[in-house]
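Raw start17.cif, mmCIF, C-alpha atoms:
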data_data
#
loop_
_atom_site.label_atom_id
_atom_site.label_comp_id
_atom_site.auth_asym_id
_atom_site.auth_seq_id
_atom_site.Cartn_x
_atom_site.Cartn_y
_atom_site.Cartn_z
CA MET I 118 -35.13 36.79 88.65
CA LYS I 119 -38.87 37.56 88.72
CA ILE I 120 -38.42 40.73 86.66
CA SER I 121 -36.24 38.85 84.18
CA LEU I 122 -38.85 36.09 83.84
CA CYS I 123 -41.70 38.52 83.24
CA GLU I 124 -39.74 40.55 80.72
CA ASN I 125 -38.71 37.36 78.93
CA ILE I 126 -42.28 36.07 78.72
CA ARG I 127 -43.38 39.32 77.12
CA ALA I 128 -40.43 39.48 74.72
CA LEU I 129 -40.69 35.82 73.69
CA ARG I 130 -44.47 36.06 73.19
CA ARG I 131 -44.00 39.02 70.89
CA GLU I 132 -41.18 37.24 69.09
CA LYS I 133 -43.52 34.29 68.54
CA GLY I 134 -46.10 36.70 67.13
CA VAL I 135 -49.04 35.74 69.33
CA THR I 136 -51.39 37.83 71.47
CA GLN I 137 -51.87 37.48 75.21
CA GLU I 138 -55.25 35.92 74.52
CA GLU I 139 -53.81 33.32 72.13
CA MET I 140 -51.08 32.42 74.57
CA ALA I 141 -53.56 32.19 77.44
CA SER I 142 -55.81 29.89 75.45
CA ALA I 143 -52.89 27.60 74.57
CA LEU I 144 -51.78 27.42 78.21
CA GLY I 145 -55.26 27.01 79.66
CA VAL I 146 -55.14 30.20 81.72
CA THR I 147 -56.90 33.56 81.47
CA ALA I 148 -55.66 36.46 79.40
CA GLN I 149 -55.59 38.46 82.62
CA ALA I 150 -53.09 36.02 84.09
CA VAL I 151 -50.74 36.48 81.16
CA SER I 152 -51.16 40.25 81.44
CA ARG I 153 -50.27 40.14 85.14
CA TRP I 154 -47.13 38.11 84.44
CA GLU I 155 -45.93 40.55 81.83
CA SER I 156 -46.69 43.63 83.93
CA LEU I 157 -44.95 42.27 87.07
CA GLY I 158 -48.31 41.92 88.78
CA GLY I 159 -47.97 38.19 89.32
CA TYR I 160 -45.81 35.13 88.86
CA PRO I 161 -46.68 31.87 87.06
CA ASP I 162 -47.06 28.75 89.17
CA MET I 163 -43.83 26.73 89.08
CA GLU I 164 -45.72 23.74 87.68
CA LEU I 165 -46.60 25.87 84.65
CA ILE I 166 -43.04 27.00 83.88
CA PRO I 167 -42.07 24.02 81.64
CA THR I 168 -45.34 24.38 79.71
CA ILE I 169 -44.72 28.10 79.13
CA ALA I 170 -41.14 27.39 77.99
CA GLY I 171 -42.35 24.66 75.64
CA TYR I 172 -45.03 26.88 74.14
CA LEU I 173 -42.52 29.69 73.55
CA GLY I 174 -40.00 27.22 72.09
CA VAL I 175 -37.19 27.84 74.56
CA THR I 176 -35.51 26.06 77.45
CA VAL I 177 -36.49 26.80 81.05
CA ASP I 178 -33.05 28.36 81.53
CA ARG I 179 -33.66 30.63 78.55
CA LEU I 180 -37.07 31.57 79.94
CA PHE I 181 -35.47 32.65 83.22
CA GLY I 182 -32.69 34.45 81.38
CA VAL I 183 -29.91 32.30 82.85
CA GLU I 184 -28.99 30.23 79.79
CA GLY I 185 -25.87 32.31 79.25
CA ASP I 186 -24.81 31.67 82.85
CA ARG I 187 -25.41 27.95 82.38
CA GLU I 188 -23.31 27.82 79.23
CA ARG I 189 -20.50 29.78 80.84
CA ARG I 190 -20.51 27.40 83.80
CA ILE I 191 -20.43 24.33 81.54
CA ASP I 192 -17.66 25.89 79.45
CA GLU I 193 -15.64 26.42 82.63
CA ILE I 194 -16.10 22.79 83.74
CA LEU I 195 -15.02 21.55 80.31
CA ARG I 196 -12.03 23.87 80.28
CA ARG I 197 -10.92 22.61 83.68
CA SER I 198 -11.36 18.99 82.58
CA GLU I 199 -9.19 19.58 79.53
CA GLU I 200 -6.39 20.93 81.71
CA PHE I 201 -5.91 17.39 83.04
CA GLU I 202 -4.93 16.29 79.48
CA ILE I 203 -6.17 12.78 80.22
CA GLU I 204 -5.96 11.61 76.61
CA TYR I 205 -2.32 12.69 76.43
CA GLN I 206 -1.05 11.26 79.72
CA THR I 207 1.30 8.32 80.04
CA ASP I 208 0.11 7.77 83.62
CA ASP I 209 -3.34 8.00 85.16
CA SER I 210 -2.58 10.15 88.20
CA LYS I 211 -5.13 12.81 87.22
CA CYS I 212 -7.91 10.57 85.98
CA ASP I 213 -9.91 10.31 89.20
CA LYS I 214 -9.93 14.08 89.76
CA CYS I 215 -11.05 14.72 86.21
CA ILE I 216 -13.80 12.09 86.43
CA ALA I 217 -15.00 13.54 89.75
CA LEU I 218 -15.10 17.05 88.26
CA LEU I 219 -17.24 15.91 85.34
CA ARG I 220 -19.57 13.88 87.58
CA GLU I 221 -20.12 17.00 89.69
CA GLY I 222 -20.85 18.93 86.50
CA LEU I 223 -23.46 16.40 85.41
CA ALA I 224 -25.04 16.48 88.86
CA GLU I 225 -25.42 20.23 88.39
CA PHE I 226 -26.49 19.98 84.74
CA PRO I 227 -28.07 16.52 84.27
CA LYS I 228 -27.88 14.99 80.77
CA ASP I 229 -25.90 17.89 79.33
CA GLU I 230 -24.49 16.38 76.14
CA ARG I 231 -21.14 18.14 76.18
CA LEU I 232 -20.39 17.06 79.74
CA THR I 233 -21.66 13.54 79.04
CA HIS I 234 -19.46 13.26 75.96
CA ARG I 235 -16.41 14.55 77.79
CA LEU I 236 -16.95 12.11 80.68
CA ALA I 237 -17.29 9.22 78.20
CA ASP I 238 -14.00 10.23 76.55
CA VAL I 239 -12.20 10.48 79.90
CA LEU I 240 -13.56 7.13 81.07
CA SER I 241 -12.49 5.54 77.80
CA ALA I 242 -8.98 7.00 78.08
CA THR I 243 -8.74 5.93 81.73
CA GLY I 244 -9.73 2.41 80.75
CA TRP I 245 -6.91 2.29 78.20
CA MET I 246 -4.36 3.48 80.72
CA ARG I 247 -5.41 1.34 83.66
CA HIS I 248 -6.32 -1.90 81.89
CA ARG I 249 -4.57 -1.62 78.53
CA GLU I 250 -5.71 -2.98 75.20
CA TRP I 251 -4.85 -6.66 75.00
CA LEU I 252 -4.06 -8.08 71.56
CA ASP I 253 -2.84 -11.41 70.30
CA TYR I 254 -2.46 -13.19 66.97
CA GLY I 255 -4.95 -15.94 66.19
CA GLU I 256 -4.23 -19.25 64.53
CA ASP I 257 -4.78 -17.58 61.16
CA GLY I 258 -1.97 -15.11 61.90
CA HIS I 259 -4.29 -12.10 62.18
CA ILE I 260 -4.73 -9.82 65.17
CA ARG I 261 -7.45 -10.67 67.65
CA HIS I 262 -8.60 -8.56 70.60
CA CYS I 263 -8.69 -10.33 73.96
CA PHE I 264 -12.29 -9.39 74.60
CA ASP I 265 -12.69 -11.58 77.71
CA ARG I 266 -10.24 -9.25 79.47
CA HIS I 267 -11.75 -6.14 77.93
CA ARG I 268 -15.26 -6.96 79.14
CA ASP I 269 -14.08 -6.52 82.73
CA ASN I 270 -12.93 -2.95 82.05
CA GLU I 271 -15.34 -0.98 84.26
CA TYR I 272 -14.34 2.34 82.69
CA TRP I 273 -15.08 1.13 79.17
CA ASN I 274 -18.41 -0.34 80.28
CA GLU I 275 -19.56 3.00 81.67
CA ALA I 276 -18.15 4.90 78.69
CA MET I 277 -20.12 2.69 76.29
CA LYS I 278 -23.39 3.48 78.08
CA LEU I 279 -22.68 7.19 77.87
CA TYR I 280 -21.67 7.05 74.20
CA GLU I 281 -24.80 5.03 73.43
CA SER I 282 -26.96 7.76 74.98
CA LEU I 283 -25.42 10.31 72.59
CA ILE I 284 -25.87 8.44 69.30
CA GLY I 285 -29.08 10.39 68.65
CA SER I 286 -27.57 13.79 69.44
CA ARG I 287 -28.49 16.66 67.13
CA ASP I 288 -24.93 17.95 67.49
CA SER I 289 -23.16 16.28 64.55
CA GLY I 290 -19.76 16.53 66.23
CA ILE I 291 -20.92 14.85 69.44
CA ARG I 292 -22.84 12.25 67.46
CA THR I 293 -19.91 11.35 65.21
CA ASP I 294 -17.36 11.27 68.04
CA SER I 295 -19.69 9.11 70.13
CA ILE I 296 -20.24 6.65 67.30
CA PHE I 297 -16.46 6.34 66.83
CA GLY I 298 -15.75 5.99 70.56
CA LEU I 299 -18.47 3.39 70.96
CA LEU I 300 -17.57 1.28 67.94
CA ILE I 301 -13.94 0.98 69.04
CA LEU I 302 -14.96 -0.24 72.49
CA LYS I 303 -17.60 -2.58 71.05
CA ARG I 304 -14.89 -4.10 68.86
CA ASN I 305 -12.64 -4.52 71.87
CA ILE I 306 -15.26 -6.58 73.71
CA GLY I 307 -16.05 -8.71 70.66
CA GLU I 308 -19.40 -7.16 69.67
CA TYR I 309 -18.34 -6.88 66.03
CA ASP I 310 -21.84 -6.78 64.55
CA ARG I 311 -22.76 -3.73 66.63
CA ALA I 312 -19.39 -2.10 65.86
CA CYS I 313 -19.94 -2.55 62.11
CA GLU I 314 -23.52 -1.30 62.43
CA LEU I 315 -22.19 1.86 64.05
CA ALA I 316 -19.47 2.27 61.42
CA ARG I 317 -22.11 2.19 58.67
CA LEU I 318 -23.77 5.25 60.23
CA LEU I 319 -20.74 7.31 59.21
CA PRO I 320 -20.06 8.78 55.75
CA THR I 321 -17.63 7.22 53.31
CA ILE I 322 -14.21 8.75 52.74
CA ARG I 323 -15.52 10.48 49.61
CA TYR I 324 -17.93 12.51 51.73
CA SER I 325 -15.55 13.44 54.52
CA ARG I 326 -15.47 17.02 55.76
CA GLU I 327 -12.05 17.73 54.24
CA ILE I 328 -12.99 16.57 50.75
CA MET I 329 -16.41 18.24 50.87
CA LEU I 330 -14.89 21.59 51.90
CA ALA I 331 -12.66 21.42 48.86
CA SER I 332 -15.69 20.55 46.72
CA ALA I 333 -17.71 23.42 48.17
CA THR I 334 -15.29 26.18 47.15
CA ASP I 335 -13.03 27.36 44.36
CA GLY I 336 -10.09 29.68 43.84
CA VAL I 337 -7.73 30.31 46.76
CA PRO I 338 -10.11 28.91 49.41
CA GLN I 339 -10.35 25.67 47.45
CA ALA I 340 -6.55 25.50 47.19
CA GLY I 341 -6.38 25.78 50.98
CA TYR I 342 -8.95 23.06 51.56
CA LEU I 343 -7.31 20.78 48.99
CA GLY I 344 -4.06 21.06 50.94
CA GLU I 345 -5.87 20.19 54.15
CA ALA I 346 -7.48 17.18 52.48
CA LEU I 347 -4.14 15.95 51.11
CA LEU I 348 -2.49 16.12 54.54
CA GLU I 349 -5.35 14.37 56.31
CA LEU I 350 -5.56 11.69 53.64
CA ALA I 351 -1.80 11.09 53.85
CA TYR I 352 -2.06 10.82 57.63
CA GLU I 353 -4.96 8.36 57.49
CA PHE I 354 -3.36 6.38 54.67
CA ALA I 355 -0.17 5.96 56.70
CA GLU I 356 -2.10 4.86 59.79
CA GLN I 357 -4.24 2.36 57.90
CA LEU I 358 -1.34 0.93 55.92
CA ILE I 359 0.64 0.29 59.10
CA TYR I 360 -2.40 -1.28 60.76
CA ALA I 361 -2.90 -3.45 57.68
CA LEU I 362 0.69 -4.66 58.01
CA ILE I 363 0.37 -5.26 61.74
CA ASN I 364 -2.85 -7.20 61.26
CA ASP I 365 -1.11 -10.12 59.55
CA ILE I 366 1.97 -11.49 61.29
CA SER I 367 3.01 -13.47 58.18
CA PHE I 368 4.08 -10.22 56.51
CA PHE I 369 6.98 -9.79 58.89
CA GLY I 370 9.05 -12.64 57.51
CA SER I 371 10.19 -10.45 54.62
CA ASP I 372 11.30 -6.90 53.78
CA MET I 373 7.80 -6.08 52.54
CA PRO I 374 6.70 -4.11 55.67
CA THR I 375 9.90 -2.08 55.60
CA GLU I 376 9.36 -1.04 51.98
CA LYS I 377 5.68 -0.26 52.52
CA VAL I 378 6.42 1.95 55.51
CA LYS I 379 9.04 3.83 53.49
CA GLY I 380 6.31 4.48 50.92
CA THR I 381 4.13 6.28 53.46
CA LEU I 382 7.02 8.64 54.22
CA TYR I 383 7.42 9.40 50.53
CA LEU I 384 3.77 10.45 50.44
CA PHE I 385 4.35 13.19 53.01
CA ASP I 386 7.43 14.38 51.14
CA LEU I 387 5.41 14.46 47.92
CA ILE I 388 2.96 16.89 49.53
CA GLY I 389 5.35 18.90 51.68
CA ASP I 390 8.47 19.18 49.49
CA GLY I 391 10.61 18.53 52.56
CA GLU I 392 9.26 21.64 54.32
CA ASN I 393 7.96 21.69 57.89
CA LEU I 394 4.48 20.15 58.06
CA GLY I 395 3.69 21.26 61.59
CA VAL I 396 1.52 18.82 63.51
CA TYR I 397 2.07 16.16 60.83
CA GLU I 398 5.78 16.11 61.67
CA ARG I 399 4.79 14.13 64.75
CA GLU I 400 3.29 11.38 62.60
CA ILE I 401 6.36 11.34 60.35
CA SER I 402 8.60 11.07 63.40
CA TYR I 403 6.56 8.13 64.69
CA ILE I 404 6.74 6.36 61.32
CA TYR I 405 10.53 6.62 61.36
CA LEU I 406 10.55 5.11 64.85
CA TYR I 407 8.60 2.13 63.61
CA LEU I 408 10.75 1.85 60.50
CA SER I 409 13.85 1.61 62.70
CA ARG I 410 12.33 -1.34 64.53
CA LEU I 411 11.53 -3.12 61.26
CA GLN I 412 14.99 -2.45 59.83
CA TRP I 413 16.77 -3.72 62.92
CA GLU I 414 14.68 -6.89 62.95
CA ARG I 415 15.66 -7.60 59.35
CA GLY I 416 19.34 -7.10 60.14
CA TYR I 417 19.72 -3.58 58.69
CA HIS I 418 21.24 -2.13 61.83
CA ASP I 419 22.95 0.90 60.33
CA GLU I 420 19.78 1.84 58.47
CA ALA I 421 17.81 1.46 61.71
CA PHE I 422 19.91 4.11 63.43
CA GLY I 423 19.66 6.29 60.35
CA SER I 424 15.88 6.14 60.75
CA LEU I 425 16.16 6.98 64.46
CA TYR I 426 18.04 10.17 63.66
CA LEU I 427 15.54 11.05 60.94
CA SER I 428 12.79 10.55 63.51
CA LEU I 429 14.64 12.99 65.77
CA ASP I 430 15.00 15.51 62.94
CA HIS I 431 11.25 15.51 62.34
CA ALA I 432 10.45 15.64 66.06
CA ARG I 433 12.60 18.77 66.32
CA MET I 434 10.79 20.23 63.32
CA PHE I 435 7.55 19.65 65.18
CA ASP I 436 8.94 21.28 68.33
CA ASP I 437 10.29 24.24 66.34
CA PHE I 438 6.90 24.72 64.71
CA ALA I 439 5.20 24.57 68.10
CA ALA I 440 7.52 27.26 69.44
CA LEU I 441 6.15 29.72 66.88
CA SER I 442 3.22 31.93 67.78
CA PRO I 443 -0.01 30.73 66.07
CA GLU I 444 -0.06 33.67 63.69
CA ASN I 445 3.47 32.80 62.47
CA ARG I 446 2.77 29.14 61.74
CA ARG I 447 2.77 28.78 57.97
CA TYR I 448 3.33 25.95 55.51
CA LYS I 449 5.99 26.69 52.88
CA SER I 450 5.21 23.89 50.44
CA ARG I 451 3.82 25.08 47.09
CA LEU I 452 0.79 22.79 47.45
CA LEU I 453 0.06 24.04 50.98
CA ARG I 454 0.78 27.74 50.83
CA HIS I 455 -2.94 28.59 51.15
CA THR I 456 -3.70 25.91 53.75
CA ALA I 457 -4.33 26.89 57.36
CA CYS I 458 -2.07 25.05 59.79
CA ARG I 459 -3.85 22.53 61.95
CA SER I 460 -3.36 22.89 65.68
CA ASP I 461 -3.55 20.47 68.59
CA ILE I 462 -2.77 20.38 72.29
CA TYR I 463 0.91 19.46 71.77
CA LEU I 464 1.44 22.44 69.52
CA ASP I 465 -0.38 24.72 71.92
CA ASP I 466 1.88 23.52 74.74
CA GLY I 467 4.95 24.60 72.81
CA GLY I 468 6.16 21.18 71.69
CA ARG I 469 8.00 18.53 73.65
CA LEU I 470 8.19 15.60 71.26
CA ALA I 471 11.94 15.11 70.75
CA PRO I 472 12.84 14.34 74.40
CA ASP I 473 10.07 11.71 74.56
CA LEU I 474 11.17 9.66 71.55
CA PRO I 475 13.23 7.02 73.44
CA ASP I 476 10.18 6.30 75.60
CA ILE I 477 7.73 6.29 72.67
CA TRP I 478 9.85 3.92 70.53
CA PRO I 479 8.78 1.97 68.48
CA MET I 480 5.31 3.64 68.58
CA TRP I 481 3.39 0.67 67.07
CA CYS I 482 4.13 -2.30 69.32
CA ASN I 483 2.87 -5.18 67.18
CA PRO I 484 4.20 -7.73 66.48
CA ASP I 485 5.93 -8.11 69.85
CA TYR I 486 9.00 -5.89 69.92
CA GLU I 487 10.66 -6.93 73.19
CA ASP I 488 13.48 -8.92 71.56
CA VAL I 489 14.23 -6.06 69.19
CA LYS I 490 14.19 -3.61 72.09
CA ARG I 491 16.72 -5.64 74.07
CA GLN I 492 19.02 -5.84 71.06
CA ILE I 493 18.83 -2.27 69.80
CA THR I 494 19.13 -0.66 73.24
CA ALA I 495 22.23 -2.75 73.92
CA ASP I 496 23.94 -1.12 70.95
CA PRO I 497 26.11 1.84 72.15
CA ARG I 498 24.56 3.98 69.44
CA TRP I 499 21.20 3.81 71.24
CA ASP I 500 22.48 5.75 74.26
CA GLU I 501 24.07 8.33 71.95
CA TRP I 502 20.78 8.78 70.11
CA ALA I 503 18.72 8.89 73.33
CA LEU I 504 21.07 11.53 74.76
CA ALA I 505 20.75 13.60 71.59
CA ALA I 506 16.94 13.30 71.73
CA ARG I 507 16.76 14.41 75.35
CA SER I 508 19.16 17.30 74.93
CA GLN I 509 17.91 20.81 74.29
CA ALA I 510 19.95 21.19 71.12
#

Can you present the structure in this file as structure tokens?
Amino acid sequence: MKISLCENIRALRREKGVTQEEMASALGVTAQAVSRWESLGGYPDMELIPTIAGYLGVTVDRLFGVEGDRERRIDEILRRSEEFEIEYQTDDSKCDKCIALLREGLAEFPKDERLTHRLADVLSATGWMRHREWLDYGEDGHIRHCFDRHRDNEYWNEAMKLYESLIGSRDSGIRTDSIFGLLILKRNIGEYDRACELARLLPTIRYSREIMLASATDGVPQAGYLGEALLELAYEFAEQLIYALINDISFFGSDMPTEKVKGTLYLFDLIGDGENLGVYEREISYIYLYLSRLQWERGYHDEAFGSLYLSLDHARMFDDFAALSPENRRYKSRLLRHTACRSDIYLDDGGRLAPDLPDIWPMWCNPDYEDVKRQITADPRWDEWALAARSQA
């Protein structure tokens, strides 16, 4: 370690372009002291190490030549935490182990932003699983979050503190993810002004990464990025339209929600020409699940089961796509033939969506779906569909 430190001081001084005398003057030591350090004839006092690192513009770990070891260790902790798949669990059996692992990591590497961000995400996900998000409709017919309940969520409270500490991160990814994670939890506890303040820190849709990548290129690369932008915009449009419907309970006294939801499905078909859209097939499958709920509630029972089977078709398309090796995953649509296929953890696990559909139904649970669930599951066709979903065919 001593040899590595001395060699690093010499190399970093030369890289900075200063003499031993200039460095000594800046540190308040003699030029002979610097010479001894670099020639293995002495070792700086430990109290001076942070000052030397600061002068040379590196971290203490980098000065000692162990920064690579540190990063490898942090990467390993993060990799192990991701194996728990906390965000994708339907139960919380692995949450405590994952949280303990990340706390140990932060004890070893205090204030590391990547570990802090990961712990905040896991705490947030654990809070959702253990305490749920409680929603109700206010007197005006619009969704309201039950923030009195949410304020007692100890996982969310800790997650918010961690996210808040990362808002000033120089890492744009950590900063953006932390703003999003924090604003959602602030909304859930009724701090709407702070949530809106955080939202205004983010760019508008026009300046999103996907649209800017398409604007930054031309030719074939631009065609690829345009396809990516179209898919992401369709995905977000579908999500926001459904949330807009759910937000106002008065909409559900007519066929309007059913027709609007059908429109979101047309948008995907417009882009994909009926071809396999990979990870986006999951979203399409979910939309058909919700459409079946809406159709049943309006008395269109045959159409509801038609939508259930279409949901199954798209779930199997997702699973088929996931079964391909990454290098063989390609879009066939004319608009997307130059677009790289997006990946996610479900795809990397080989796909398992179809068997889960009966448990996921109806995906979006607002307005209350319990009456519809009792009715549709009592229909003999439900068991036939559930059996088909859970089969390996």

> Expanded to explicit residues, what is the PyMOL selection byres ((chain I and resi 152) around 12) for this file, as a PyMOL selection string?
Replying inline: chain I and resi 123-124+126-127+130+136-141+146-151+153-161

> With all atoms listed in the file as the basis for distance, which of I:Ala351, I:Leu165, I:Leu122, I:Ala471 is at the shortest distance from I:Ser428?
Replying inline: I:Ala471

Taking the file as shown, what set of residues would the PyMOL selection byres ((chain I and resi 296) around 9) give back, as a CSV table (one decimal) with C-alpha atoms, in the frame of the given file?
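That gives us result_28.csv:
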chain,number,residue,atom,x,y,z
I,280,TYR,CA,-21.7,7.0,74.2
I,281,GLU,CA,-24.8,5.0,73.4
I,283,LEU,CA,-25.4,10.3,72.6
I,284,ILE,CA,-25.9,8.4,69.3
I,291,ILE,CA,-20.9,14.8,69.4
I,292,ARG,CA,-22.8,12.2,67.5
I,293,THR,CA,-19.9,11.4,65.2
I,294,ASP,CA,-17.4,11.3,68.0
I,295,SER,CA,-19.7,9.1,70.1
I,297,PHE,CA,-16.5,6.3,66.8
I,298,GLY,CA,-15.8,6.0,70.6
I,299,LEU,CA,-18.5,3.4,71.0
I,300,LEU,CA,-17.6,1.3,67.9
I,301,ILE,CA,-13.9,1.0,69.0
I,312,ALA,CA,-19.4,-2.1,65.9
I,315,LEU,CA,-22.2,1.9,64.0
I,316,ALA,CA,-19.5,2.3,61.4
I,318,LEU,CA,-23.8,5.2,60.2
I,319,LEU,CA,-20.7,7.3,59.2

Selection result for the PyMOL selection byres ((chain I and resi 210-214) around 12) on this file, as a PDB file with C-alpha atoms, in the frame of the given file:
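As written to disk, expr-v4.pdb reads:
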ATOM      1  CA  ARG I 197     -10.920  22.610  83.680  1.00  0.00           C
ATOM      2  CA  SER I 198     -11.360  18.990  82.580  1.00  0.00           C
ATOM      3  CA  GLU I 199      -9.190  19.580  79.530  1.00  0.00           C
ATOM      4  CA  GLU I 200      -6.390  20.930  81.710  1.00  0.00           C
ATOM      5  CA  PHE I 201      -5.910  17.390  83.040  1.00  0.00           C
ATOM      6  CA  GLU I 202      -4.930  16.290  79.480  1.00  0.00           C
ATOM      7  CA  ILE I 203      -6.170  12.780  80.220  1.00  0.00           C
ATOM      8  CA  GLU I 204      -5.960  11.610  76.610  1.00  0.00           C
ATOM      9  CA  TYR I 205      -2.320  12.690  76.430  1.00  0.00           C
ATOM     10  CA  GLN I 206      -1.050  11.260  79.720  1.00  0.00           C
ATOM     11  CA  THR I 207       1.300   8.320  80.040  1.00  0.00           C
ATOM     12  CA  ASP I 208       0.110   7.770  83.620  1.00  0.00           C
ATOM     13  CA  ASP I 209      -3.340   8.000  85.160  1.00  0.00           C
ATOM     14  CA  CYS I 215     -11.050  14.720  86.210  1.00  0.00           C
ATOM     15  CA  ILE I 216     -13.800  12.090  86.430  1.00  0.00           C
ATOM     16  CA  ALA I 217     -15.000  13.540  89.750  1.00  0.00           C
ATOM     17  CA  LEU I 218     -15.100  17.050  88.260  1.00  0.00           C
ATOM     18  CA  LEU I 219     -17.240  15.910  85.340  1.00  0.00           C
ATOM     19  CA  ARG I 220     -19.570  13.880  87.580  1.00  0.00           C
ATOM     20  CA  GLU I 221     -20.120  17.000  89.690  1.00  0.00           C
ATOM     21  CA  LEU I 236     -16.950  12.110  80.680  1.00  0.00           C
ATOM     22  CA  ASP I 238     -14.000  10.230  76.550  1.00  0.00           C
ATOM     23  CA  VAL I 239     -12.200  10.480  79.900  1.00  0.00           C
ATOM     24  CA  LEU I 240     -13.560   7.130  81.070  1.00  0.00           C
ATOM     25  CA  SER I 241     -12.490   5.540  77.800  1.00  0.00           C
ATOM     26  CA  ALA I 242      -8.980   7.000  78.080  1.00  0.00           C
ATOM     27  CA  THR I 243      -8.740   5.930  81.730  1.00  0.00           C
ATOM     28  CA  GLY I 244      -9.730   2.410  80.750  1.00  0.00           C
ATOM     29  CA  TRP I 245      -6.910   2.290  78.200  1.00  0.00           C
ATOM     30  CA  MET I 246      -4.360   3.480  80.720  1.00  0.00           C
ATOM     31  CA  ARG I 247      -5.410   1.340  83.660  1.00  0.00           C
ATOM     32  CA  TYR I 272     -14.340   2.340  82.690  1.00  0.00           C
TER      33      TYR I 272
END

>> Measuring between only C-alpha atoms, which one of I:Val135, I:Ile493, I:Ile477, I:Leu411 shows the shortest distance to I:Gly370?
In response: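 Among the listed residues, the smallest separation from I:Gly370 belongs to I:Leu411.
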
I:His455 environment, 8 Å, only C-alpha atoms, sequence neighbours closer than 4 positions dropped, as a PDB file with C-alpha atoms, keeping the file's coordinate frame:
ATOM      1  CA  VAL I 337      -7.730  30.310  46.760  1.00  0.00           C
ATOM      2  CA  PRO I 338     -10.110  28.910  49.410  1.00  0.00           C
ATOM      3  CA  ALA I 340      -6.550  25.500  47.190  1.00  0.00           C
ATOM      4  CA  GLY I 341      -6.380  25.780  50.980  1.00  0.00           C
ATOM      5  CA  GLY I 344      -4.060  21.060  50.940  1.00  0.00           C
TER       6      GLY I 344
END

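Atom to atom, atom CA of I:Gly389 and atom CA of I:Asp436 stand 17.2 Å apart.
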
> Nearest to I:Phe368 among I:Leu302, I:Trp273, I:Pro484, I:Arg287, with distances taken over only C-alpha atoms: which residue is it?
Replying inline: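 Between I:Leu302, I:Trp273, I:Pro484, I:Arg287, the residue approaching I:Phe368 most closely is I:Pro484.
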
> From the list I:Lys377, I:Arg323, I:Arg498, I:Arg491, which residue is nearest I:Phe422 when using all atoms listed in the file?
Replying inline: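 The shortest atom-to-atom distance to I:Phe422 comes from I:Arg498.
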
> Interatomic distance between atom CA of I:Tyr360 and atom CA of I:Lys379?
Replying inline: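 It comes out at 14.5 Å.
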
>> What does the structure give for the distance between atom CA of I:Tyr448 and atom CA of I:Glu400, in Å to one decimal?
In response: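 Atom CA of I:Tyr448 sits 16.2 Å away from atom CA of I:Glu400.
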
>> Which residues are near I:Gly416? Cut-off 12 Å, all atoms listed in the file, ignore same chain within fewer than 6 positions. Put them as a ChimeraX atom specification.
In response: /I:370-372,375,409-410,422,489,492-493

> Hey, can you pull every residue with an atom no more than 10 Å from (-8.8, -7.9, 76.3), using all atoms listed in the file, and send it as a list of chain:residue names?
Replying inline: I:His248, I:Arg249, I:Glu250, I:Trp251, I:Leu252, I:Asp253, I:Arg261, I:His262, I:Cys263, I:Phe264, I:Asp265, I:Arg266, I:His267, I:Arg268, I:Asp269, I:Asn270, I:Asn305, I:Ile306, I:Gly307

Keeping C-alpha atoms for every residue in the selection just given, could you write it to a file as a short mmCIF file (atom, residue, chain, number, x, y, z; two decimals), in the coordinates of the input?
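Saved as selection27.cif:
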data_model
loop_
_atom_site.label_atom_id
_atom_site.label_comp_id
_atom_site.auth_asym_id
_atom_site.auth_seq_id
_atom_site.Cartn_x
_atom_site.Cartn_y
_atom_site.Cartn_z
CA HIS I 248 -6.32 -1.90 81.89
CA ARG I 249 -4.57 -1.62 78.53
CA GLU I 250 -5.71 -2.98 75.20
CA TRP I 251 -4.85 -6.66 75.00
CA LEU I 252 -4.06 -8.08 71.56
CA ASP I 253 -2.84 -11.41 70.30
CA ARG I 261 -7.45 -10.67 67.65
CA HIS I 262 -8.60 -8.56 70.60
CA CYS I 263 -8.69 -10.33 73.96
CA PHE I 264 -12.29 -9.39 74.60
CA ASP I 265 -12.69 -11.58 77.71
CA ARG I 266 -10.24 -9.25 79.47
CA HIS I 267 -11.75 -6.14 77.93
CA ARG I 268 -15.26 -6.96 79.14
CA ASP I 269 -14.08 -6.52 82.73
CA ASN I 270 -12.93 -2.95 82.05
CA ASN I 305 -12.64 -4.52 71.87
CA ILE I 306 -15.26 -6.58 73.71
CA GLY I 307 -16.05 -8.71 70.66
#

Dump as an mmCIF file with C-alpha atoms, keeping the file's coordinate frame all residues having an atom at most 10 Å from (-1.4, 31.1, 59.3), computed in the file's coordinates with all atoms listed in the file.
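Writing done, so here's point35.cif:
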data_model
loop_
_atom_site.group_PDB
_atom_site.id
_atom_site.type_symbol
_atom_site.label_atom_id
_atom_site.label_comp_id
_atom_site.auth_asym_id
_atom_site.auth_seq_id
_atom_site.Cartn_x
_atom_site.Cartn_y
_atom_site.Cartn_z
ATOM 1 C CA SER I 442 3.220 31.930 67.780
ATOM 2 C CA PRO I 443 -0.010 30.730 66.070
ATOM 3 C CA GLU I 444 -0.060 33.670 63.690
ATOM 4 C CA ASN I 445 3.470 32.800 62.470
ATOM 5 C CA ARG I 446 2.770 29.140 61.740
ATOM 6 C CA ARG I 447 2.770 28.780 57.970
ATOM 7 C CA TYR I 448 3.330 25.950 55.510
ATOM 8 C CA ARG I 454 0.780 27.740 50.830
ATOM 9 C CA HIS I 455 -2.940 28.590 51.150
ATOM 10 C CA THR I 456 -3.700 25.910 53.750
ATOM 11 C CA ALA I 457 -4.330 26.890 57.360
ATOM 12 C CA CYS I 458 -2.070 25.050 59.790
ATOM 13 C CA ARG I 459 -3.850 22.530 61.950
#
